[in-house]
Amino acid sequence: MIKFLDLEGVNNRFRKEIDSRIKTILDKGWYLQGEENEKFTQNFANYCGCKYCVGVANGLDALNLIIKAYGFGVGDEIIVPANTYIASILAISQNGCTPVLVEPDINTYNINPDLIEEKITERTKAIMVVHLYGQAVQMEKIWELAKKYNLKIIEDSAQSHGSIYQGKRVGNLSDASAFSFYPGKNLGCMGDGGAVTTNDEELYKKIKALANYGSDYKYHHIYKGVNSRLDEIQAAILDVKLRYLDADNQRRREIAQYYRANIKNEKIILPQVYDENSHVWHIFAIRTDNRDELQEYLKENDIQTLIHYPTPPHKQNAYQEWNNLSYPISEEIHRTELSLPISPVMTDEEVEKVVEVINEY
């Protein structure tokens, strides 16, 4: 079976280094808010090209904390793509704000910048961009809109660690960015984890306190905070893997380039890329009207695939108030999308087999 993502293979490459770092933590007996967290967050901030990074418990918390730190709440609107993973929208709702859905570009799957301005009202506070599947959003027009209407830009960078737009990495294209380090991400830990990156010192200090029970120092609480912290073991694992992220992303690009050059099946719509550096291929998303049939066919040929995502947020039971709304581009993507195997440990033979089997479909 060609796995969609061979996590054991991905992580075994770093086993000795990770074991060594975990042993150091166990020997110290310090498991939260320690040296490993400080080391990783500084290194990750440097990697993204920004000044500050706060390690938190997961990607949803990272988004939640950004919105909470800005003080956005009931009556405030935040623009968000209609076809994102539901976490982007949950973070808005959980702060009492109103998500305003905008259709994506059918070619990039990212929010369509040309459709944003018509959704801006006097209640709009921010635009949340999601670098979906690993491709950086084309930000130029979004920067212009944010400046014109005095809006914050929040990046959901959960799928795009290392993507580059106009020479800058995601995580450094906005006022604040949220990352997830879920195990399957391009930079993933061995449990849950997340981070916020920013160049705003005041925001950094507030999020750091909010994530630690609202405390700026022990037993002193200046905000009604939460408990959302990246533990020392996960921070150490991420710090080891961060050194290999660019090489892993390059391998993903090589696989994606081979897929795009060699899959020749008229039933398949291949993903489009506006700049090779902009995409780190967290997901290689094809589209086909025969999605379920193709997935079963690939399974029969020992190729594992996934669907990202079968049901759009506005059709979920969690948002029943939206169930009658129509976002046809989002619905088309969710109806037809299929994710092919892609990971830095795939062999050339495996990649070639995927192409061969698809071309015979």
# chains A, B, ... in the order shown; residues from 1 in each chain; ligands from 1
>>> residues_around(residues="Lys141 in chain A", least_positions_apart="6", cutoff="10 Å", atoms="only C-alpha atoms", output="PyMOL selection string")
chain A and resi 112-114+116-117+147
>>> write_last_selection(atoms="N, CA, C and O atoms", output="PDB file, in the first residue's frame")
ATOM      1  N   ASN A 112     -10.686  34.456  -3.191  1.00  0.00           N
ATOM      2  CA  ASN A 112     -10.592  35.295  -4.384  1.00  0.00           C
ATOM      3  C   ASN A 112     -10.516  36.763  -3.949  1.00  0.00           C
ATOM      4  O   ASN A 112     -11.517  37.321  -3.495  1.00  0.00           O
ATOM      5  N   PRO A 113      -9.357  37.407  -4.099  1.00  0.00           N
ATOM      6  CA  PRO A 113      -9.224  38.798  -3.640  1.00  0.00           C
ATOM      7  C   PRO A 113     -10.205  39.755  -4.309  1.00  0.00           C
ATOM      8  O   PRO A 113     -10.584  40.771  -3.712  1.00  0.00           O
ATOM      9  N   ASP A 114     -10.656  39.430  -5.524  1.00  0.00           N
ATOM     10  CA  ASP A 114     -11.564  40.313  -6.250  1.00  0.00           C
ATOM     11  C   ASP A 114     -12.974  40.312  -5.679  1.00  0.00           C
ATOM     12  O   ASP A 114     -13.790  41.175  -6.042  1.00  0.00           O
ATOM     13  N   ILE A 116     -13.620  40.278  -2.274  1.00  0.00           N
ATOM     14  CA  ILE A 116     -13.605  40.661  -0.861  1.00  0.00           C
ATOM     15  C   ILE A 116     -14.253  42.013  -0.617  1.00  0.00           C
ATOM     16  O   ILE A 116     -15.065  42.173   0.310  1.00  0.00           O
ATOM     17  N   GLU A 117     -13.942  43.005  -1.441  1.00  0.00           N
ATOM     18  CA  GLU A 117     -14.364  44.376  -1.135  1.00  0.00           C
ATOM     19  C   GLU A 117     -15.878  44.500  -1.017  1.00  0.00           C
ATOM     20  O   GLU A 117     -16.385  45.234  -0.148  1.00  0.00           O
ATOM     21  N   LYS A 147      -5.446  48.314   4.109  1.00  0.00           N
ATOM     22  CA  LYS A 147      -5.015  49.701   4.313  1.00  0.00           C
ATOM     23  C   LYS A 147      -6.159  50.673   4.049  1.00  0.00           C
ATOM     24  O   LYS A 147      -6.393  51.614   4.811  1.00  0.00           O
TER      25      LYS A 147
END
>>> select_by_dssp(residues="range 267-345 of chain A", states="strand (DSSP E)", output="list in words")
Phe284, Ala285, Ile286, Arg287, Glu337, Leu338, Ser339 and Leu340 of chain A
>>> atom_distance(atom1="CA of Ala87 in chain A", atom2="CA of Leu60 in chain A")
5.8 Å
>>> residues_around(residues="Glu77 in chain A", least_positions_apart="4", cutoff="6 Å", atoms="only C-alpha atoms", output="PDB file with N, CA and C atoms, in the first residue's frame")
ATOM      1  N   CYS A  97     -17.819  36.703  17.082  1.00  0.00           N
ATOM      2  CA  CYS A  97     -17.819  37.475  15.841  1.00  0.00           C
ATOM      3  C   CYS A  97     -18.647  36.772  14.766  1.00  0.00           C
ATOM      4  N   THR A  98     -18.905  37.485  13.694  1.00  0.00           N
ATOM      5  CA  THR A  98     -19.672  36.941  12.580  1.00  0.00           C
ATOM      6  C   THR A  98     -18.739  36.611  11.422  1.00  0.00           C
ATOM      7  N   PRO A  99     -18.662  35.337  11.015  1.00  0.00           N
ATOM      8  CA  PRO A  99     -17.881  34.998   9.833  1.00  0.00           C
ATOM      9  C   PRO A  99     -18.611  35.446   8.567  1.00  0.00           C
ATOM     10  N   ARG A 123     -18.900  47.094   9.928  1.00  0.00           N
ATOM     11  CA  ARG A 123     -18.658  46.176  11.048  1.00  0.00           C
ATOM     12  C   ARG A 123     -17.444  45.271  10.814  1.00  0.00           C
ATOM     13  N   THR A 124     -16.878  45.327   9.621  1.00  0.00           N
ATOM     14  CA  THR A 124     -15.743  44.460   9.298  1.00  0.00           C
ATOM     15  C   THR A 124     -14.510  44.890  10.079  1.00  0.00           C
ATOM     16  N   LYS A 125     -13.863  43.932  10.725  1.00  0.00           N
ATOM     17  CA  LYS A 125     -12.672  44.224  11.521  1.00  0.00           C
ATOM     18  C   LYS A 125     -11.404  43.602  10.943  1.00  0.00           C
TER      19      LYS A 125
END
>>> atom_distance(atom1="CA of Ile358 in chain A", atom2="CA of Phe284 in chain A")
13.9 Å
>>> atom_distance(atom1="CA of Asn107 in chain A", atom2="CA of Tyr244 in chain A")
29.7 Å
>>> residues_around(residues="Ala176 in chain A", least_positions_apart="2", cutoff="12 Å", atoms="only C-alpha atoms", output="ChimeraX atom specification")
/A:45,48,50-54,62-67,69-70,126-129,152-157,170-174,178-179,195-204,207
>>> write_last_selection(atoms="N, CA and C atoms", output="CSV table (one decimal), in the first residue's frame")
chain,number,residue,atom,x,y,z
A,45,ALA,N,10.3,31.9,14.7
A,45,ALA,CA,10.1,33.3,14.3
A,45,ALA,C,11.2,33.8,13.3
A,48,CYS,N,10.4,32.3,9.9
A,48,CYS,CA,9.3,33.0,9.2
A,48,CYS,C,9.7,34.4,8.8
A,50,CYS,N,9.9,37.0,11.1
A,50,CYS,CA,9.2,37.9,11.9
A,50,CYS,C,9.9,38.0,13.3
A,51,LYS,N,9.4,38.9,14.1
A,51,LYS,CA,10.1,39.2,15.4
A,51,LYS,C,9.7,38.3,16.5
A,52,TYR,N,8.4,37.8,16.5
A,52,TYR,CA,7.9,37.2,17.7
A,52,TYR,C,7.1,35.9,17.4
A,53,CYS,N,7.2,34.9,18.3
A,53,CYS,CA,6.4,33.7,18.1
A,53,CYS,C,6.0,33.2,19.5
A,54,VAL,N,4.7,32.8,19.7
A,54,VAL,CA,4.2,32.2,20.9
A,54,VAL,C,3.8,30.8,20.6
A,62,ALA,N,-4.5,29.1,18.3
A,62,ALA,CA,-3.7,30.2,17.8
A,62,ALA,C,-4.6,31.2,17.1
A,63,LEU,N,-5.6,30.7,16.3
A,63,LEU,CA,-6.5,31.7,15.7
A,63,LEU,C,-7.4,32.4,16.8
A,64,ASN,N,-7.9,31.6,17.7
A,64,ASN,CA,-8.8,32.1,18.8
A,64,ASN,C,-8.1,33.2,19.5
A,65,LEU,N,-6.8,33.0,19.9
A,65,LEU,CA,-6.0,33.9,20.7
A,65,LEU,C,-5.8,35.2,19.9
A,66,ILE,N,-5.5,35.1,18.6
A,66,ILE,CA,-5.3,36.4,17.9
A,66,ILE,C,-6.6,37.2,17.9
A,67,ILE,N,-7.7,36.6,17.6
A,67,ILE,CA,-9.0,37.3,17.6
A,67,ILE,C,-9.3,37.9,19.0
A,69,ALA,N,-7.2,38.6,21.4
A,69,ALA,CA,-6.2,39.6,21.7
A,69,ALA,C,-6.6,41.0,21.1
A,70,TYR,N,-7.1,40.9,19.9
A,70,TYR,CA,-7.5,42.2,19.3
A,70,TYR,C,-8.8,42.7,19.9
A,126,ALA,N,-11.6,42.5,10.2
A,126,ALA,CA,-10.4,41.8,9.8
A,126,ALA,C,-10.7,40.9,8.5
A,127,ILE,N,-9.6,40.6,7.8
A,127,ILE,CA,-9.7,39.6,6.7
A,127,ILE,C,-8.8,38.5,7.1
A,128,MET,N,-9.4,37.3,7.2
A,128,MET,CA,-8.6,36.1,7.5
A,128,MET,C,-8.3,35.4,6.2
A,129,VAL,N,-7.0,35.3,5.9
A,129,VAL,CA,-6.6,34.5,4.7
A,129,VAL,C,-6.2,33.1,5.1
A,152,LYS,N,-7.5,44.6,10.0
A,152,LYS,CA,-6.4,43.7,10.4
A,152,LYS,C,-6.4,42.5,9.4
A,153,ILE,N,-5.2,42.0,9.1
A,153,ILE,CA,-5.1,40.8,8.3
A,153,ILE,C,-4.6,39.6,9.2
A,154,ILE,N,-5.3,38.5,9.2
A,154,ILE,CA,-5.0,37.4,10.0
A,154,ILE,C,-4.7,36.2,9.0
A,155,GLU,N,-3.5,35.6,9.2
A,155,GLU,CA,-3.2,34.4,8.3
A,155,GLU,C,-3.5,33.2,9.1
A,156,ASP,N,-4.2,32.3,8.4
A,156,ASP,CA,-4.3,30.9,8.8
A,156,ASP,C,-3.3,30.1,8.0
A,157,SER,N,-2.1,29.9,8.6
A,157,SER,CA,-1.0,29.3,7.9
A,157,SER,C,-0.8,27.8,8.3
A,170,VAL,N,5.1,32.9,4.6
A,170,VAL,CA,3.8,33.0,5.3
A,170,VAL,C,4.2,33.0,6.8
A,171,GLY,N,3.3,33.7,7.6
A,171,GLY,CA,3.6,33.9,9.0
A,171,GLY,C,4.2,35.3,9.1
A,172,ASN,N,4.5,35.9,8.0
A,172,ASN,CA,5.1,37.3,8.0
A,172,ASN,C,4.5,38.1,6.9
A,173,LEU,N,3.2,37.8,6.6
A,173,LEU,CA,2.5,38.5,5.5
A,173,LEU,C,1.3,39.3,6.0
A,174,SER,N,1.2,39.4,7.4
A,174,SER,CA,0.0,39.9,8.0
A,174,SER,C,0.3,40.6,9.3
A,178,ALA,N,-1.5,32.3,12.4
A,178,ALA,CA,-1.7,31.1,13.2
A,178,ALA,C,-1.2,29.9,12.5
A,179,PHE,N,-0.4,29.1,13.2
A,179,PHE,CA,0.1,27.8,12.7
A,179,PHE,C,-0.4,26.7,13.5
A,195,ALA,N,1.1,27.7,17.0
A,195,ALA,CA,1.9,28.9,17.3
A,195,ALA,C,1.3,30.1,16.7
A,196,VAL,N,1.6,31.3,17.2
A,196,VAL,CA,1.2,32.6,16.7
A,196,VAL,C,2.5,33.3,16.3
A,197,THR,N,2.6,33.9,15.1
A,197,THR,CA,3.8,34.7,14.8
A,197,THR,C,3.2,36.1,14.5
A,198,THR,N,4.1,37.1,14.8
A,198,THR,CA,3.7,38.5,14.6
A,198,THR,C,4.9,39.4,14.7
A,199,ASN,N,4.8,40.6,14.2
A,199,ASN,CA,5.8,41.6,14.4
A,199,ASN,C,5.4,42.7,15.4
A,200,ASP,N,4.2,42.5,16.0
A,200,ASP,CA,3.6,43.5,16.9
A,200,ASP,C,3.9,43.1,18.3
A,201,GLU,N,4.8,43.8,19.0
A,201,GLU,CA,5.3,43.5,20.3
A,201,GLU,C,4.2,43.5,21.3
A,202,GLU,N,3.3,44.5,21.2
A,202,GLU,CA,2.2,44.5,22.2
A,202,GLU,C,1.2,43.3,22.0
A,203,LEU,N,0.9,43.0,20.8
A,203,LEU,CA,0.1,41.8,20.5
A,203,LEU,C,0.8,40.5,21.0
A,204,TYR,N,2.1,40.4,20.8
A,204,TYR,CA,2.8,39.2,21.2
A,204,TYR,C,2.7,39.1,22.7
A,207,ILE,N,-0.9,38.0,23.8
A,207,ILE,CA,-1.2,36.6,23.4
A,207,ILE,C,-0.4,35.6,24.4
>>> select_by_dssp(residues="range 90-134 of chain A", states="helix (DSSP H, G or I)", output="number ranges by chain")
A: 90-94, 113-115, 117-119, 132-134
>>> write_last_selection(atoms="N, CA and C atoms", output="PDB file, in the first residue's frame")
ATOM      1  N   LEU A  90     -14.599  28.400  13.034  1.00  0.00           N
ATOM      2  CA  LEU A  90     -14.893  28.194  14.455  1.00  0.00           C
ATOM      3  C   LEU A  90     -14.233  29.258  15.324  1.00  0.00           C
ATOM      4  N   ALA A  91     -12.992  29.619  14.990  1.00  0.00           N
ATOM      5  CA  ALA A  91     -12.284  30.622  15.796  1.00  0.00           C
ATOM      6  C   ALA A  91     -13.019  31.954  15.783  1.00  0.00           C
ATOM      7  N   ILE A  92     -13.607  32.291  14.655  1.00  0.00           N
ATOM      8  CA  ILE A  92     -14.374  33.540  14.550  1.00  0.00           C
ATOM      9  C   ILE A  92     -15.636  33.435  15.394  1.00  0.00           C
ATOM     10  N   SER A  93     -16.380  32.349  15.222  1.00  0.00           N
ATOM     11  CA  SER A  93     -17.632  32.163  15.962  1.00  0.00           C
ATOM     12  C   SER A  93     -17.409  32.103  17.466  1.00  0.00           C
ATOM     13  N   GLN A  94     -16.358  31.408  17.877  1.00  0.00           N
ATOM     14  CA  GLN A  94     -16.124  31.207  19.308  1.00  0.00           C
ATOM     15  C   GLN A  94     -15.765  32.504  20.031  1.00  0.00           C
ATOM     16  N   PRO A 113      -9.357  37.407  -4.099  1.00  0.00           N
ATOM     17  CA  PRO A 113      -9.224  38.798  -3.640  1.00  0.00           C
ATOM     18  C   PRO A 113     -10.205  39.755  -4.309  1.00  0.00           C
ATOM     19  N   ASP A 114     -10.656  39.430  -5.524  1.00  0.00           N
ATOM     20  CA  ASP A 114     -11.564  40.313  -6.250  1.00  0.00           C
ATOM     21  C   ASP A 114     -12.974  40.312  -5.679  1.00  0.00           C
ATOM     22  N   LEU A 115     -13.289  39.364  -4.797  1.00  0.00           N
ATOM     23  CA  LEU A 115     -14.638  39.263  -4.242  1.00  0.00           C
ATOM     24  C   LEU A 115     -14.731  39.782  -2.809  1.00  0.00           C
ATOM     25  N   GLU A 117     -13.942  43.005  -1.441  1.00  0.00           N
ATOM     26  CA  GLU A 117     -14.364  44.376  -1.135  1.00  0.00           C
ATOM     27  C   GLU A 117     -15.878  44.500  -1.017  1.00  0.00           C
ATOM     28  N   GLU A 118     -16.612  43.766  -1.845  1.00  0.00           N
ATOM     29  CA  GLU A 118     -18.069  43.856  -1.804  1.00  0.00           C
ATOM     30  C   GLU A 118     -18.654  43.325  -0.499  1.00  0.00           C
ATOM     31  N   LYS A 119     -17.870  42.572   0.271  1.00  0.00           N
ATOM     32  CA  LYS A 119     -18.342  42.017   1.545  1.00  0.00           C
ATOM     33  C   LYS A 119     -17.944  42.884   2.747  1.00  0.00           C
ATOM     34  N   LEU A 132      -4.484  27.714   1.673  1.00  0.00           N
ATOM     35  CA  LEU A 132      -5.030  26.363   1.635  1.00  0.00           C
ATOM     36  C   LEU A 132      -4.163  25.409   0.823  1.00  0.00           C
ATOM     37  N   TYR A 133      -4.047  24.195   1.331  1.00  0.00           N
ATOM     38  CA  TYR A 133      -3.314  23.092   0.698  1.00  0.00           C
ATOM     39  C   TYR A 133      -1.801  23.347   0.610  1.00  0.00           C
ATOM     40  N   GLY A 134      -1.350  24.512   1.102  1.00  0.00           N
ATOM     41  CA  GLY A 134       0.087  24.807   1.072  1.00  0.00           C
ATOM     42  C   GLY A 134       0.491  25.916   0.133  1.00  0.00           C
TER      43      GLY A 134
END
>>> residues_around(residues="range 8-25 of chain A", least_positions_apart="2", cutoff="12 Å", atoms="only C-alpha atoms", output="ChimeraX atom specification")
/A:3-6,27-37,183-190,231-245,248,342-347
>>> residues_around(residues="Gln138 in chain A", least_positions_apart="3", cutoff="10 Å", atoms="only C-alpha atoms", output="list of chain:residue names")
A:Thr108, A:Asn110, A:Ile111, A:Asn112, A:Pro113, A:Val129, A:His131, A:Gln135, A:Lys141, A:Ile142, A:Trp143, A:Tyr165, A:Gln166, A:Tyr274, A:Ser278
>>> residues_around(residues="Tyr223 in chain A", least_positions_apart="6", cutoff="7 Å", atoms="only C-alpha atoms", output="ChimeraX atom specification")
/A:210,214-215
